[in-house]
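K.L.:
What follows is data_27.pdb, PDB, C-alpha atoms.
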```
MODEL        1
ATOM      1  CA  GLN J  21       4.369  37.163 -18.458  1.00  0.00           C
ATOM      2  CA  VAL J  22       1.104  38.840 -17.560  1.00  0.00           C
ATOM      3  CA  LEU J  23      -1.930  37.384 -19.274  1.00  0.00           C
ATOM      4  CA  LEU J  24      -5.512  38.574 -19.076  1.00  0.00           C
ATOM      5  CA  VAL J  25      -8.131  36.237 -20.536  1.00  0.00           C
ATOM      6  CA  GLU J  26     -11.742  37.334 -20.688  1.00  0.00           C
ATOM      7  CA  SER J  27     -14.635  34.955 -21.262  1.00  0.00           C
ATOM      8  CA  GLY J  28     -18.393  34.673 -20.950  1.00  0.00           C
ATOM      9  CA  GLY J  29     -19.627  37.027 -23.628  1.00  0.00           C
ATOM     10  CA  GLY J  30     -22.359  36.208 -26.093  1.00  0.00           C
ATOM     11  CA  LEU J  31     -25.608  37.292 -27.656  1.00  0.00           C
ATOM     12  CA  VAL J  32     -28.526  38.090 -25.390  1.00  0.00           C
ATOM     13  CA  GLN J  33     -31.873  39.814 -25.739  1.00  0.00           C
ATOM     14  CA  ALA J  34     -32.527  43.153 -24.089  1.00  0.00           C
ATOM     15  CA  GLY J  35     -33.413  42.653 -20.458  1.00  0.00           C
ATOM     16  CA  GLY J  36     -31.301  39.528 -20.189  1.00  0.00           C
ATOM     17  CA  SER J  37     -28.195  38.770 -18.160  1.00  0.00           C
ATOM     18  CA  LEU J  38     -24.634  37.616 -18.759  1.00  0.00           C
ATOM     19  CA  GLY J  39     -21.709  36.857 -16.498  1.00  0.00           C
ATOM     20  CA  LEU J  40     -18.152  37.613 -17.556  1.00  0.00           C
ATOM     21  CA  SER J  41     -14.934  36.229 -16.113  1.00  0.00           C
ATOM     22  CA  CYS J  42     -11.326  37.324 -16.386  1.00  0.00           C
ATOM     23  CA  ALA J  43      -8.456  35.047 -15.486  1.00  0.00           C
ATOM     24  CA  ALA J  44      -5.454  37.182 -14.578  1.00  0.00           C
ATOM     25  CA  SER J  45      -1.962  35.754 -14.320  1.00  0.00           C
ATOM     26  CA  ILE J  46      -0.796  38.691 -12.188  1.00  0.00           C
ATOM     27  CA  ARG J  47       1.228  37.730  -9.134  1.00  0.00           C
ATOM     28  CA  SER J  48       0.110  40.804  -7.197  1.00  0.00           C
ATOM     29  CA  PHE J  49      -3.525  40.433  -8.247  1.00  0.00           C
ATOM     30  CA  GLY J  50      -4.853  40.540  -4.699  1.00  0.00           C
ATOM     31  CA  ILE J  51      -3.581  44.038  -3.973  1.00  0.00           C
ATOM     32  CA  LEU J  52      -4.423  45.669  -7.290  1.00  0.00           C
ATOM     33  CA  ILE J  53      -7.524  47.663  -8.074  1.00  0.00           C
ATOM     34  CA  MET J  54      -9.023  45.731 -10.975  1.00  0.00           C
ATOM     35  CA  ALA J  55     -11.462  46.998 -13.559  1.00  0.00           C
ATOM     36  CA  TRP J  56     -13.749  46.115 -16.409  1.00  0.00           C
ATOM     37  CA  TYR J  57     -13.720  48.243 -19.512  1.00  0.00           C
ATOM     38  CA  ARG J  58     -15.719  48.131 -22.727  1.00  0.00           C
ATOM     39  CA  GLN J  59     -15.342  49.422 -26.248  1.00  0.00           C
ATOM     40  CA  ALA J  60     -18.267  49.793 -28.597  1.00  0.00           C
ATOM     41  CA  PRO J  61     -17.723  49.997 -32.364  1.00  0.00           C
ATOM     42  CA  GLY J  62     -16.302  53.364 -33.366  1.00  0.00           C
ATOM     43  CA  GLN J  63     -15.975  54.525 -29.774  1.00  0.00           C
ATOM     44  CA  GLN J  64     -13.159  54.827 -27.265  1.00  0.00           C
ATOM     45  CA  ARG J  65     -12.644  52.271 -24.559  1.00  0.00           C
ATOM     46  CA  GLU J  66     -14.500  53.288 -21.403  1.00  0.00           C
ATOM     47  CA  LEU J  67     -14.254  52.289 -17.763  1.00  0.00           C
ATOM     48  CA  VAL J  68     -17.245  50.279 -16.564  1.00  0.00           C
ATOM     49  CA  ALA J  69     -16.462  49.284 -12.987  1.00  0.00           C
ATOM     50  CA  THR J  70     -13.622  48.911 -10.499  1.00  0.00           C
ATOM     51  CA  VAL J  71     -13.048  46.785  -7.414  1.00  0.00           C
ATOM     52  CA  THR J  72     -10.321  47.131  -4.793  1.00  0.00           C
ATOM     53  CA  GLY J  73      -8.431  44.207  -3.315  1.00  0.00           C
ATOM     54  CA  ASP J  74     -10.799  44.071  -0.361  1.00  0.00           C
ATOM     55  CA  GLY J  75     -13.953  44.376  -2.460  1.00  0.00           C
ATOM     56  CA  ALA J  76     -14.915  48.047  -2.528  1.00  0.00           C
ATOM     57  CA  THR J  77     -16.629  48.785  -5.822  1.00  0.00           C
ATOM     58  CA  ASN J  78     -17.329  51.722  -8.084  1.00  0.00           C
ATOM     59  CA  TYR J  79     -19.422  51.913 -11.257  1.00  0.00           C
ATOM     60  CA  ALA J  80     -19.979  54.116 -14.252  1.00  0.00           C
ATOM     61  CA  ASP J  81     -23.340  55.855 -14.051  1.00  0.00           C
ATOM     62  CA  SER J  82     -24.504  54.007 -17.155  1.00  0.00           C
ATOM     63  CA  VAL J  83     -24.280  50.593 -15.444  1.00  0.00           C
ATOM     64  CA  LYS J  84     -24.924  51.468 -11.804  1.00  0.00           C
ATOM     65  CA  GLY J  85     -27.642  49.280 -10.350  1.00  0.00           C
ATOM     66  CA  ARG J  86     -27.418  46.766 -13.201  1.00  0.00           C
ATOM     67  CA  PHE J  87     -23.836  45.434 -13.159  1.00  0.00           C
ATOM     68  CA  ILE J  88     -21.953  43.840 -10.289  1.00  0.00           C
ATOM     69  CA  ILE J  89     -18.162  43.551 -10.231  1.00  0.00           C
ATOM     70  CA  SER J  90     -16.488  41.054  -7.939  1.00  0.00           C
ATOM     71  CA  ARG J  91     -13.265  39.137  -7.566  1.00  0.00           C
ATOM     72  CA  ASP J  92     -11.735  35.973  -6.164  1.00  0.00           C
ATOM     73  CA  ASN J  93      -8.185  36.785  -5.128  1.00  0.00           C
ATOM     74  CA  GLY J  94      -7.318  33.157  -4.479  1.00  0.00           C
ATOM     75  CA  LYS J  95      -8.249  32.254  -8.056  1.00  0.00           C
ATOM     76  CA  ARG J  96      -6.901  35.540  -9.476  1.00  0.00           C
ATOM     77  CA  THR J  97     -10.203  35.955 -11.257  1.00  0.00           C
ATOM     78  CA  LEU J  98     -12.351  39.011 -11.863  1.00  0.00           C
ATOM     79  CA  TYR J  99     -16.077  38.822 -12.546  1.00  0.00           C
ATOM     80  CA  LEU J 100     -18.781  41.046 -13.987  1.00  0.00           C
ATOM     81  CA  GLN J 101     -22.430  40.122 -13.594  1.00  0.00           C
ATOM     82  CA  MET J 102     -24.511  42.096 -16.055  1.00  0.00           C
ATOM     83  CA  ASN J 103     -28.271  42.332 -15.581  1.00  0.00           C
ATOM     84  CA  SER J 104     -31.031  44.222 -17.385  1.00  0.00           C
ATOM     85  CA  LEU J 105     -28.852  44.441 -20.462  1.00  0.00           C
ATOM     86  CA  ALA J 106     -29.676  47.000 -23.125  1.00  0.00           C
ATOM     87  CA  PRO J 107     -28.526  47.395 -26.735  1.00  0.00           C
ATOM     88  CA  ASP J 108     -26.236  50.244 -25.612  1.00  0.00           C
ATOM     89  CA  ASP J 109     -24.273  47.687 -23.597  1.00  0.00           C
ATOM     90  CA  THR J 110     -23.130  46.029 -26.825  1.00  0.00           C
ATOM     91  CA  ALA J 111     -19.323  46.178 -26.853  1.00  0.00           C
ATOM     92  CA  VAL J 112     -16.154  44.193 -26.436  1.00  0.00           C
ATOM     93  CA  TYR J 113     -15.482  43.880 -22.713  1.00  0.00           C
ATOM     94  CA  TYR J 114     -11.943  43.856 -21.299  1.00  0.00           C
ATOM     95  CA  CYS J 115     -10.421  43.491 -17.879  1.00  0.00           C
ATOM     96  CA  ASN J 116      -7.278  45.188 -16.653  1.00  0.00           C
ATOM     97  CA  THR J 117      -5.999  47.066 -13.675  1.00  0.00           C
ATOM     98  CA  ALA J 118      -7.624  50.401 -12.895  1.00  0.00           C
ATOM     99  CA  ASN J 119      -4.394  52.036 -14.036  1.00  0.00           C
ATOM    100  CA  PRO J 120      -3.320  50.042 -17.094  1.00  0.00           C
ATOM    101  CA  LEU J 121       0.419  49.891 -17.645  1.00  0.00           C
ATOM    102  CA  PRO J 122       2.493  48.361 -20.424  1.00  0.00           C
ATOM    103  CA  ARG J 123       3.365  45.476 -18.122  1.00  0.00           C
ATOM    104  CA  TYR J 124      -0.356  44.539 -18.148  1.00  0.00           C
ATOM    105  CA  PRO J 125      -1.128  44.064 -21.858  1.00  0.00           C
ATOM    106  CA  TRP J 126      -4.739  44.073 -22.923  1.00  0.00           C
ATOM    107  CA  GLY J 127      -6.315  40.697 -23.655  1.00  0.00           C
ATOM    108  CA  GLN J 128      -8.553  39.824 -26.567  1.00  0.00           C
ATOM    109  CA  GLY J 129     -11.691  40.811 -24.742  1.00  0.00           C
ATOM    110  CA  THR J 130     -15.063  39.132 -24.961  1.00  0.00           C
ATOM    111  CA  GLN J 131     -17.883  40.280 -27.214  1.00  0.00           C
ATOM    112  CA  VAL J 132     -21.237  41.138 -25.667  1.00  0.00           C
ATOM    113  CA  SER J 133     -24.088  41.734 -28.084  1.00  0.00           C
ATOM    114  CA  VAL J 134     -27.550  42.783 -26.914  1.00  0.00           C
ATOM    115  CA  SER J 135     -30.449  42.620 -29.348  1.00  0.00           C
ATOM    116  CA  SER J 136     -33.530  44.790 -29.010  1.00  0.00           C
TER     117      SER J 136
ENDMDL
END
```
Once more with this new file: its structure as structure tokens, please.
P.N.:
Amino acid sequence: QVLLVESGGGLVQAGGSLGLSCAASIRSFGILIMAWYRQAPGQQRELVATVTGDGATNYADSVKGRFIISRDNGKRTLYLQMNSLAPDDTAVYYCNTANPLPRYPWGQGTQVSVSS
């Protein structure tokens, strides 16, 4: 059974930093393009960043230069380092593959709240 467990969220002041982790019990983790998503209240879930199995990254314009996505294939863990946080970054953050499928159910996510 695939399980995605996000952690590391919290409350931070604008300009601060947080690091998120996602433990993924996916056997083929190392070859999948993994991603971080976020969903703010009343808004649709949006793609934040992706990383290929060998570490190539891509970012939404809104986080480019501030967030860093990375992974440890041996630990089947995905990371998101978030710097220079702003109130607009407030959302529940989720990890999943870059092409979510029913076999990869969404986890509970982790709440990130940024105060001004």
K.L.:
Rounded to one decimal in Å, what is the spacing between CA of Lys95 (chain J) and CA of Glu66 (chain J)?
P.N.:
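It comes out at 25.7 Å.
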K.L.:
Could you spell out the hits of the PyMOL selection byres ((chain J and resi 42) around 12) on the shown file, as a compact mmCIF listing (two decimals) with C-alpha atoms, keeping the file's coordinate frame?
P.N.:
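Just written: expr_18.txt:
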```
# COMPACT_ATOMS: atom_id res chain seq x y z
CA LEU J 23 -1.93 37.38 -19.27
CA LEU J 24 -5.51 38.57 -19.08
CA VAL J 25 -8.13 36.24 -20.54
CA GLU J 26 -11.74 37.33 -20.69
CA SER J 27 -14.64 34.96 -21.26
CA GLY J 28 -18.39 34.67 -20.95
CA GLY J 29 -19.63 37.03 -23.63
CA GLY J 39 -21.71 36.86 -16.50
CA LEU J 40 -18.15 37.61 -17.56
CA SER J 41 -14.93 36.23 -16.11
CA ALA J 43 -8.46 35.05 -15.49
CA ALA J 44 -5.45 37.18 -14.58
CA SER J 45 -1.96 35.75 -14.32
CA ILE J 46 -0.80 38.69 -12.19
CA PHE J 49 -3.52 40.43 -8.25
CA MET J 54 -9.02 45.73 -10.98
CA ALA J 55 -11.46 47.00 -13.56
CA TRP J 56 -13.75 46.12 -16.41
CA TYR J 57 -13.72 48.24 -19.51
CA ILE J 89 -18.16 43.55 -10.23
CA SER J 90 -16.49 41.05 -7.94
CA ARG J 91 -13.26 39.14 -7.57
CA ASP J 92 -11.74 35.97 -6.16
CA ASN J 93 -8.18 36.78 -5.13
CA LYS J 95 -8.25 32.25 -8.06
CA ARG J 96 -6.90 35.54 -9.48
CA THR J 97 -10.20 35.96 -11.26
CA LEU J 98 -12.35 39.01 -11.86
CA TYR J 99 -16.08 38.82 -12.55
CA LEU J 100 -18.78 41.05 -13.99
CA GLN J 101 -22.43 40.12 -13.59
CA TYR J 113 -15.48 43.88 -22.71
CA TYR J 114 -11.94 43.86 -21.30
CA CYS J 115 -10.42 43.49 -17.88
CA ASN J 116 -7.28 45.19 -16.65
CA THR J 117 -6.00 47.07 -13.68
CA TRP J 126 -4.74 44.07 -22.92
CA GLY J 127 -6.32 40.70 -23.66
CA GLN J 128 -8.55 39.82 -26.57
CA GLY J 129 -11.69 40.81 -24.74
CA THR J 130 -15.06 39.13 -24.96
```
K.L.:
Applied to the shown file, which residues does the PyMOL selection byres ((chain J and resi 37) around 8) return, written as a list in words?
P.N.:
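So the PyMOL selection byres ((chain J and resi 37) around 8) ends up selecting Val32, Gly35, Gly36, Leu38, Gly39, Gln101, Met102, Asn103, Ser104 and Leu105 of chain J.
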K.L.:
Measuring atom to atom with only C-alpha atoms, identify which of J:Gln63, J:Leu52, J:Ala111, J:Ala106 is nearest to Arg86 (chain J).
P.N.:
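Among the listed residues, J:Ala106 lies closest to Arg86 (chain J).
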K.L.:
Using all atoms listed in the file, find the one residue out of J:Val134, J:Ile51, J:Val22, J:Ala69 that sits nearest to Phe87 (chain J).
P.N.:
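The closest residue to Phe87 (chain J) is J:Ala69.
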K.L.:
Point out the residue among J:Ser48, J:Ala60, J:Gln33, J:Val71 with the least atom-to-atom distance to Gln131 (chain J), counting only C-alpha atoms.
P.N.:
J:Ala60
K.L.:
Given only C-alpha atoms as the basis, pick out the residue of J:Ala34, J:Val83, J:Leu121, J:Val112 nearest to Pro61 (chain J).
P.N.:
J:Val112
K.L.:
Could you please determine the separation between CA of Gly94 (chain J) and CA of Thr72 (chain J) in Å, to one decimal place?
P.N.:
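One can read the CA of Gly94 (chain J) to CA of Thr72 (chain J) distance as 14.3 Å.
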K.L.:
One decimal, Å: what's the distance from CA of Ser82 (chain J) over to CA of Ala118 (chain J), could you say?
P.N.:
17.8 Å
K.L.:
Between J:Arg58, J:Ile53, J:Arg47, J:Ala80, which is the closest to Asp109 (chain J) once you count only C-alpha atoms?
P.N.:
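Nearest candidate to Asp109 (chain J) out of J:Arg58, J:Ile53, J:Arg47, J:Ala80: J:Arg58.
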K.L.:
Can you give me, as an mmCIF file with C-alpha atoms, in the frame of the given file, the residues this file yields under the PyMOL selection byres ((chain J and resi 133) around 6)?
P.N.:
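part-v3.cif was written with the following content:
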```cif
data_model
loop_
_atom_site.group_PDB
_atom_site.id
_atom_site.type_symbol
_atom_site.label_atom_id
_atom_site.label_comp_id
_atom_site.auth_asym_id
_atom_site.auth_seq_id
_atom_site.Cartn_x
_atom_site.Cartn_y
_atom_site.Cartn_z
ATOM 1 C CA LEU J 31 -25.608 37.292 -27.656
ATOM 2 C CA THR J 110 -23.130 46.029 -26.825
ATOM 3 C CA VAL J 132 -21.237 41.138 -25.667
ATOM 4 C CA VAL J 134 -27.550 42.783 -26.914
#
```
K.L.:
Region 54-67 of chain J, all listed atoms, 4 Å padding on each side: what axis-aligned box centre and edge lengths in Å to one decimal come out, as AutoDock Vina command-line options?
P.N.:
```
--center_x -13.6 --center_y 50.3 --center_z -22.2 --size_x 17.2 --size_y 17.1 --size_z 30.4
```
